[in-house]
>>> print(open('query.cif').read())   # mmCIF, C-alpha atoms and all ligand atoms
data_my_file
loop_
_atom_site.label_atom_id
_atom_site.label_comp_id
_atom_site.auth_asym_id
_atom_site.auth_seq_id
_atom_site.Cartn_x
_atom_site.Cartn_y
_atom_site.Cartn_z
CA MET A 1 -52.84 -48.56 112.74
CA SER A 2 -50.17 -51.17 112.28
CA ASN A 3 -50.78 -54.86 112.88
CA LEU A 4 -47.27 -55.20 114.34
CA HIS A 5 -47.84 -55.05 118.09
CA PHE A 6 -44.57 -56.39 119.44
CA ALA A 7 -41.00 -56.69 118.17
CA GLY A 8 -37.74 -57.64 119.75
CA ALA A 9 -34.69 -59.84 119.58
CA MET A 10 -32.73 -62.01 121.97
CA SER A 11 -30.02 -64.62 122.26
CA HIS A 12 -31.12 -68.25 122.43
CA ALA A 13 -28.17 -70.06 124.04
CA PRO A 14 -29.27 -73.60 124.96
CA GLY A 15 -27.53 -73.10 128.31
CA ILE A 16 -30.37 -70.71 129.24
CA ALA A 17 -32.42 -73.89 129.75
CA ALA A 18 -29.92 -76.74 129.98
CA PHE A 19 -27.50 -75.24 132.49
CA ARG A 20 -29.22 -72.10 133.58
CA ASP A 21 -27.65 -71.99 137.05
CA ALA A 22 -24.10 -72.21 135.70
CA ALA A 23 -24.24 -68.47 135.02
CA SER A 24 -23.57 -66.15 137.94
CA PRO A 25 -26.62 -64.81 139.81
CA ALA A 26 -25.77 -61.25 138.73
CA GLN A 27 -25.57 -62.16 135.06
CA ARG A 28 -28.73 -64.25 135.24
CA GLN A 29 -30.58 -61.41 136.93
CA ALA A 30 -29.49 -58.94 134.26
CA PHE A 31 -30.37 -61.23 131.34
CA PHE A 32 -33.69 -62.44 132.72
CA GLY A 33 -34.54 -58.85 133.65
CA GLY A 34 -34.42 -58.16 129.93
CA THR A 35 -36.50 -61.17 128.98
CA ASP A 36 -39.02 -60.30 131.73
CA ALA A 37 -39.51 -56.88 130.13
CA LEU A 38 -39.91 -58.49 126.71
CA ARG A 39 -42.47 -60.96 128.09
CA GLU A 40 -44.42 -58.14 129.68
CA ALA A 41 -44.50 -56.23 126.38
CA ALA A 42 -45.58 -59.34 124.46
CA GLY A 43 -48.30 -60.05 127.04
CA LYS A 44 -49.69 -56.53 126.83
CA ALA A 45 -49.76 -56.84 123.03
CA ARG A 46 -52.43 -59.64 123.19
CA LEU A 47 -50.93 -61.31 120.13
CA ASP A 48 -52.82 -63.48 117.69
CA ALA A 49 -49.53 -64.83 116.35
CA LEU A 50 -45.78 -64.52 116.86
CA VAL A 51 -43.30 -64.76 113.98
CA VAL A 52 -40.06 -66.19 115.34
CA ILE A 53 -37.09 -65.63 113.04
CA ALA A 54 -34.49 -68.15 114.12
CA PRO A 55 -31.86 -70.47 112.68
CA ASP A 56 -31.86 -74.25 112.68
CA HIS A 57 -28.95 -76.13 114.25
CA PHE A 58 -29.21 -79.25 112.08
CA SER A 59 -32.46 -80.34 113.73
CA ASN A 60 -34.50 -80.14 110.53
CA PHE A 61 -31.98 -79.25 107.84
CA PHE A 62 -28.49 -80.56 107.17
CA ILE A 63 -25.72 -79.81 104.70
CA ASP A 64 -27.35 -82.15 102.17
CA ASN A 65 -30.34 -79.83 101.84
CA MET A 66 -29.94 -76.41 103.39
CA PRO A 67 -32.28 -73.63 102.29
CA ALA A 68 -31.15 -70.03 102.70
CA CYS A 69 -34.40 -69.44 104.53
CA CYS A 70 -37.56 -71.44 105.08
CA VAL A 71 -41.06 -70.50 106.19
CA SER A 72 -42.78 -73.13 108.32
CA MET A 73 -46.36 -73.68 107.22
CA ASN A 74 -47.08 -76.01 110.15
CA GLU A 75 -50.57 -76.26 111.58
CA SER A 76 -48.77 -77.24 114.78
CA TYR A 77 -45.23 -77.84 116.04
CA MET A 78 -43.63 -80.24 118.47
CA GLY A 79 -40.55 -79.43 120.47
CA PRO A 80 -37.97 -79.13 121.67
CA VAL A 81 -36.24 -81.89 119.75
CA GLU A 82 -33.22 -81.77 122.10
CA ASN A 83 -33.81 -83.99 125.13
CA TRP A 84 -30.68 -82.58 126.74
CA LEU A 85 -32.30 -79.18 127.23
CA GLY A 86 -34.13 -80.75 130.17
CA MET A 87 -37.40 -79.12 129.09
CA ASP A 88 -40.84 -80.66 128.78
CA LYS A 89 -42.10 -81.36 125.26
CA TYR A 90 -44.76 -79.02 123.92
CA GLN A 91 -47.22 -78.97 121.09
CA ILE A 92 -47.56 -75.40 119.86
CA LYS A 93 -50.10 -74.11 117.37
CA GLY A 94 -48.86 -72.76 114.06
CA ASP A 95 -50.44 -70.09 111.89
CA ALA A 96 -50.32 -71.50 108.37
CA GLU A 97 -52.45 -68.66 107.04
CA LEU A 98 -49.92 -66.06 108.17
CA ALA A 99 -47.09 -68.28 106.92
CA ARG A 100 -48.67 -68.35 103.45
CA LEU A 101 -48.95 -64.56 103.51
CA ILE A 102 -45.26 -64.32 104.39
CA MET A 103 -44.40 -66.56 101.43
CA HIS A 104 -46.56 -64.44 99.14
CA HIS A 105 -45.04 -61.15 100.24
CA ALA A 106 -41.49 -62.51 100.18
CA TYR A 107 -41.92 -63.68 96.59
CA ALA A 108 -43.47 -60.31 95.69
CA ALA A 109 -40.35 -58.66 97.13
CA GLY A 110 -38.06 -60.84 95.02
CA ILE A 111 -37.04 -63.23 97.82
CA GLU A 112 -37.94 -66.91 97.43
CA PRO A 113 -37.82 -68.77 100.76
CA ALA A 114 -38.22 -72.52 100.92
CA SER A 115 -41.31 -73.73 102.75
CA SER A 116 -42.05 -76.74 104.91
CA ALA A 117 -45.21 -77.98 106.56
CA LYS A 118 -43.31 -80.25 108.89
CA THR A 119 -40.60 -78.67 111.00
CA ASP A 120 -39.92 -79.47 114.64
CA LEU A 121 -38.91 -76.80 117.07
CA GLU A 122 -35.48 -76.74 118.68
CA HIS A 123 -33.80 -74.51 121.23
CA SER A 124 -33.57 -71.56 118.85
CA VAL A 125 -37.35 -71.18 119.02
CA ILE A 126 -38.38 -72.98 122.21
CA VAL A 127 -35.93 -71.27 124.57
CA PRO A 128 -37.15 -67.77 123.60
CA LEU A 129 -40.79 -68.89 123.67
CA SER A 130 -40.31 -70.33 127.18
CA LEU A 131 -39.32 -66.84 128.32
CA ILE A 132 -41.55 -64.59 126.19
CA THR A 133 -44.79 -66.59 125.81
CA PRO A 134 -44.24 -69.18 128.58
CA LYS A 135 -47.75 -70.65 128.30
CA PHE A 136 -46.95 -71.49 124.66
CA ASP A 137 -50.43 -70.26 123.85
CA VAL A 138 -49.60 -67.84 121.04
CA PRO A 139 -49.60 -69.45 117.55
CA VAL A 140 -46.17 -69.35 115.95
CA VAL A 141 -44.73 -68.99 112.48
CA TRP A 142 -41.09 -70.05 112.40
CA VAL A 143 -39.06 -68.34 109.71
CA MET A 144 -35.78 -70.26 109.60
CA MET A 145 -32.67 -68.53 108.30
CA ASN A 146 -29.53 -70.51 107.58
CA CYS A 147 -26.77 -69.21 109.84
CA GLN A 148 -24.78 -72.45 109.88
CA VAL A 149 -23.64 -73.38 106.39
CA PRO A 150 -22.11 -70.66 104.16
CA PRO A 151 -22.91 -69.01 101.90
CA LEU A 152 -25.39 -67.08 104.04
CA MET A 153 -27.85 -64.38 103.07
CA SER A 154 -26.33 -60.90 103.19
CA LEU A 155 -27.38 -58.66 106.07
CA ARG A 156 -29.16 -56.38 103.62
CA ARG A 157 -31.09 -59.32 102.19
CA CYS A 158 -32.08 -60.37 105.73
CA TYR A 159 -33.35 -56.85 106.34
CA GLU A 160 -35.38 -56.98 103.13
CA LEU A 161 -36.86 -60.33 104.13
CA GLY A 162 -37.89 -58.70 107.40
CA LYS A 163 -39.66 -55.95 105.46
CA ALA A 164 -41.53 -58.58 103.45
CA ILE A 165 -42.56 -60.27 106.70
CA ARG A 166 -43.87 -56.92 107.87
CA ALA A 167 -45.88 -56.48 104.66
CA ALA A 168 -47.46 -59.88 105.34
CA ILE A 169 -48.24 -58.87 108.90
CA GLU A 170 -49.96 -55.70 107.69
CA ALA A 171 -52.04 -57.75 105.25
CA SER A 172 -53.01 -60.29 107.90
CA GLY A 173 -55.56 -58.29 109.87
CA LYS A 174 -54.14 -59.91 113.01
CA ARG A 175 -52.24 -58.69 116.04
CA VAL A 176 -48.78 -60.02 115.32
CA GLY A 177 -45.39 -59.94 117.03
CA VAL A 178 -41.92 -60.54 115.64
CA LEU A 179 -39.00 -61.98 117.56
CA GLY A 180 -35.47 -62.38 116.21
CA SER A 181 -33.59 -65.18 117.96
CA GLY A 182 -29.83 -65.57 117.74
CA GLY A 183 -26.28 -64.43 118.53
CA LEU A 184 -24.41 -62.59 119.70
CA SER A 185 -20.70 -63.53 119.80
CA HIS A 186 -20.08 -67.23 120.31
CA ALA A 187 -18.46 -70.24 118.68
CA PRO A 188 -20.23 -73.30 120.06
CA GLY A 189 -18.24 -76.50 119.89
CA ALA A 190 -15.10 -74.74 118.66
CA PRO A 191 -11.82 -74.70 120.62
CA GLU A 192 -12.44 -70.99 121.28
CA ALA A 193 -15.97 -71.60 122.60
CA ASP A 194 -15.09 -70.07 125.96
CA THR A 195 -13.80 -66.90 124.32
CA LEU A 196 -16.59 -64.42 123.65
CA ASP A 197 -16.17 -61.05 121.97
CA PRO A 198 -17.87 -58.44 124.17
CA ASP A 199 -16.26 -55.67 122.10
CA PHE A 200 -18.13 -56.85 119.02
CA ASP A 201 -21.35 -57.37 120.97
CA ARG A 202 -21.24 -53.86 122.45
CA TYR A 203 -20.33 -52.39 119.06
CA PHE A 204 -23.34 -54.10 117.47
CA LEU A 205 -25.72 -53.15 120.30
CA ASP A 206 -24.50 -49.55 120.20
CA LEU A 207 -25.31 -49.39 116.48
CA LEU A 208 -28.69 -50.92 117.26
CA ASP A 209 -29.45 -48.40 120.01
CA ARG A 210 -28.53 -45.60 117.62
CA ASN A 211 -30.77 -47.20 114.97
CA ALA A 212 -27.78 -47.00 112.63
CA VAL A 213 -29.28 -49.42 110.13
CA ASP A 214 -26.91 -48.61 107.27
CA LYS A 215 -23.89 -49.22 109.50
CA ILE A 216 -25.35 -52.51 110.75
CA LEU A 217 -26.00 -53.68 107.20
CA ALA A 218 -22.40 -52.75 106.30
CA ILE A 219 -20.76 -54.84 109.05
CA PRO A 220 -18.16 -56.82 107.10
CA PRO A 221 -18.43 -60.62 107.16
CA GLU A 222 -14.83 -60.75 108.41
CA ARG A 223 -15.82 -58.86 111.57
CA LEU A 224 -18.54 -61.42 112.23
CA ASP A 225 -16.10 -64.28 111.61
CA ALA A 226 -13.71 -62.73 114.15
CA ALA A 227 -16.50 -62.65 116.77
CA GLY A 228 -17.06 -66.40 116.36
CA PHE A 229 -19.28 -68.11 113.82
CA GLY A 230 -22.26 -67.91 116.20
CA SER A 231 -22.30 -64.17 115.54
CA TRP A 232 -23.49 -64.98 112.02
CA GLU A 233 -26.82 -65.18 113.85
CA ILE A 234 -27.12 -61.40 114.06
CA ARG A 235 -28.96 -62.01 110.79
CA LEU A 236 -32.02 -62.83 112.91
CA TRP A 237 -31.75 -59.50 114.73
CA VAL A 238 -31.39 -57.73 111.39
CA ALA A 239 -34.40 -59.49 109.85
CA ALA A 240 -36.49 -58.55 112.89
CA LEU A 241 -35.21 -55.00 112.49
CA GLY A 242 -36.43 -55.03 108.89
CA ALA A 243 -39.86 -56.12 110.08
CA ALA A 244 -39.82 -53.32 112.67
CA HIS A 245 -38.13 -50.78 110.40
CA ASP A 246 -40.32 -47.93 111.63
CA ARG A 247 -39.60 -48.68 115.29
CA ARG A 248 -36.75 -47.75 117.56
CA PRO A 249 -34.50 -50.52 118.93
CA ARG A 250 -33.44 -50.41 122.56
CA THR A 251 -31.12 -52.85 124.31
CA LEU A 252 -32.68 -54.17 127.52
CA ALA A 253 -29.83 -56.40 128.66
CA TYR A 254 -26.38 -57.55 127.70
CA GLU A 255 -24.11 -60.00 129.48
CA PRO A 256 -21.20 -61.96 128.01
CA ILE A 257 -22.05 -65.23 129.73
CA VAL A 258 -19.11 -67.59 129.27
CA GLU A 259 -20.91 -70.39 131.15
CA TRP A 260 -23.63 -70.31 128.47
CA ASP A 261 -20.97 -69.89 125.77
CA THR A 262 -22.74 -66.85 124.35
CA GLY A 263 -22.88 -63.09 124.37
CA CYS A 264 -26.44 -62.82 125.67
CA ALA A 265 -28.50 -59.78 124.79
CA VAL A 266 -32.14 -58.77 124.77
CA ALA A 267 -33.59 -55.86 122.81
CA ILE A 268 -37.03 -54.43 122.22
CA TYR A 269 -37.96 -52.58 119.06
CA GLU A 270 -40.40 -49.95 120.34
FE FE B 1 -27.72 -70.49 117.62
#
>>> encode(input="query.cif", output="structure tokens")
Amino acid sequence: MSNLHFAGAMSHAPGIAAFRDAASPAQRQAFFGGTDALREAAGKARLDALVVIAPDHFSNFFIDNMPACCVSMNESYMGPVENWLGMDKYQIKGDAELARLIMHHAYAAGIEPASSAKTDLEHSVIVPLSLITPKFDVPVVWVMMNCQVPPLMSLRRCYELGKAIRAAIEASGKRVGVLGSGGLSHAPGAPEADTLDPDFDRYFLDLLDRNAVDKILAIPPERLDAAGFGSWEIRLWVAALGAAHDRRPRTLAYEPIVEWDTGCAVAIYE
């Protein structure tokens, strides 16, 4: 019996919290329908801990010191750091024991993440948590992956990191979930921010629904660049897929929501 009891991935656009009502009612209904299903699955899983694989948008790390990936060893987290999200501030328990196991298994797999005992949560983690574990009562391990400052980990390397996370989960003896948080097409702050790439998003989600892992791992960096630099964040989906490599991904929702500046998708790995 596996210790992985929940796995999924979703977009984390700050607009989901900061300007939620800017999106049309139909698009909101579709997107939140997906996150409702994910929340229900996470609730039924009665998780001891949730590993959130998400980037950092210069809240904890900047170009002067940017790890490729970093495992948070926090005993507890504060967040969100962004006042403009309009959310309350939360203190959320960490799971340092599981974080240490993730470090151990990553190193054993030939991947050496940075570690930190003092990260603060930002929208990339808090927005998904507000929708999936809205009581913020499930201890979290944040695995940060750099999706901002090239060079970035290859998709295959992200997948392998996910498999190492899974090995840690299996060694933990706990009921654990994994959530990838990021993407899809967007280019926040860029002149083309209002131009999403639904063709790329649907292409990626179609590969996901067909569990075409090799094709996903072979997506050329140039195709991601063309979809907007925010699409570099599919790395989080891919890492979660590595953790759930024996499960079947299924897209629950997809809407290109221009008002949130992001191709917004939700998937469960069943
Ligand atoms: Fe992001």
>>> atom_distance(input="query.cif", atom1="CA of Gly34 (chain A)", atom2="CA of Tyr203 (chain A)")
18.7 Å
>>> closest_residue(input="query.cif", among="A:Asp206, A:Glu192, A:Glu259, A:Asp214", to="Phe229 (chain A)", atoms="all atoms listed in the file")
A:Glu192
>>> atom_distance(input="query.cif", atom1="CA of Ala239 (chain A)", atom2="CA of Met1 (chain A)")
21.6 Å
>>> closest_residue(input="query.cif", among="A:Ser172, A:Ser154, A:Asn83, A:Gln148", to="ligand FE 1 (chain B)", atoms="all atoms listed in the file")
A:Gln148
>>> closest_residue(input="query.cif", among="A:Met103, A:Ile126, A:Ala13, A:Ala117", to="Tyr90 (chain A)", atoms="only C-alpha atoms")
A:Ile126
>>> closest_residue(input="query.cif", among="A:Ala267, A:Ala23, A:Ala49, A:Ala187", to="ligand FE 1 (chain B)", atoms="all atoms listed in the file")
A:Ala187
>>> residues_near_ligand(input="query.cif", ligand="ligand FE 1 (chain B)", cutoff="8 Å", atoms="only C-alpha atoms and all ligand atoms", output="PyMOL selection string")
chain A and resi 11-13+54-57+124+147+181-183+230+233
>>> atom_distance(input="query.cif", atom1="CA of Lys93 (chain A)", atom2="CA of Ser76 (chain A)")
4.3 Å
>>> closest_residue(input="query.cif", among="A:Asp194, A:Leu241, A:Ala45, A:Pro188", to="His5 (chain A)", atoms="only C-alpha atoms")
A:Ala45
>>> residues_around(input="query.cif", residues="Arg100 (chain A)", least_positions_apart="4", cutoff="12 Å", atoms="only C-alpha atoms", output="list in words")
Cys70, Val71, Ser72, Met73, Asn74, Glu75, Gly94, Asp95, Ala96, His104, His105, Ala106, Tyr107, Pro113, Ala114, Ser115, Ser116, Ala117, Val141, Trp142, Val143, Ile165, Ala168, Ile169, Ala171 and Ser172 of chain A
>>> residues_near_point(input="query.cif", point="(-38.9, -57.9, 107.2)", cutoff="10 Å", atoms="only C-alpha atoms", output="ChimeraX atom specification")
/A:53,102,105-106,157-169,178,238-245
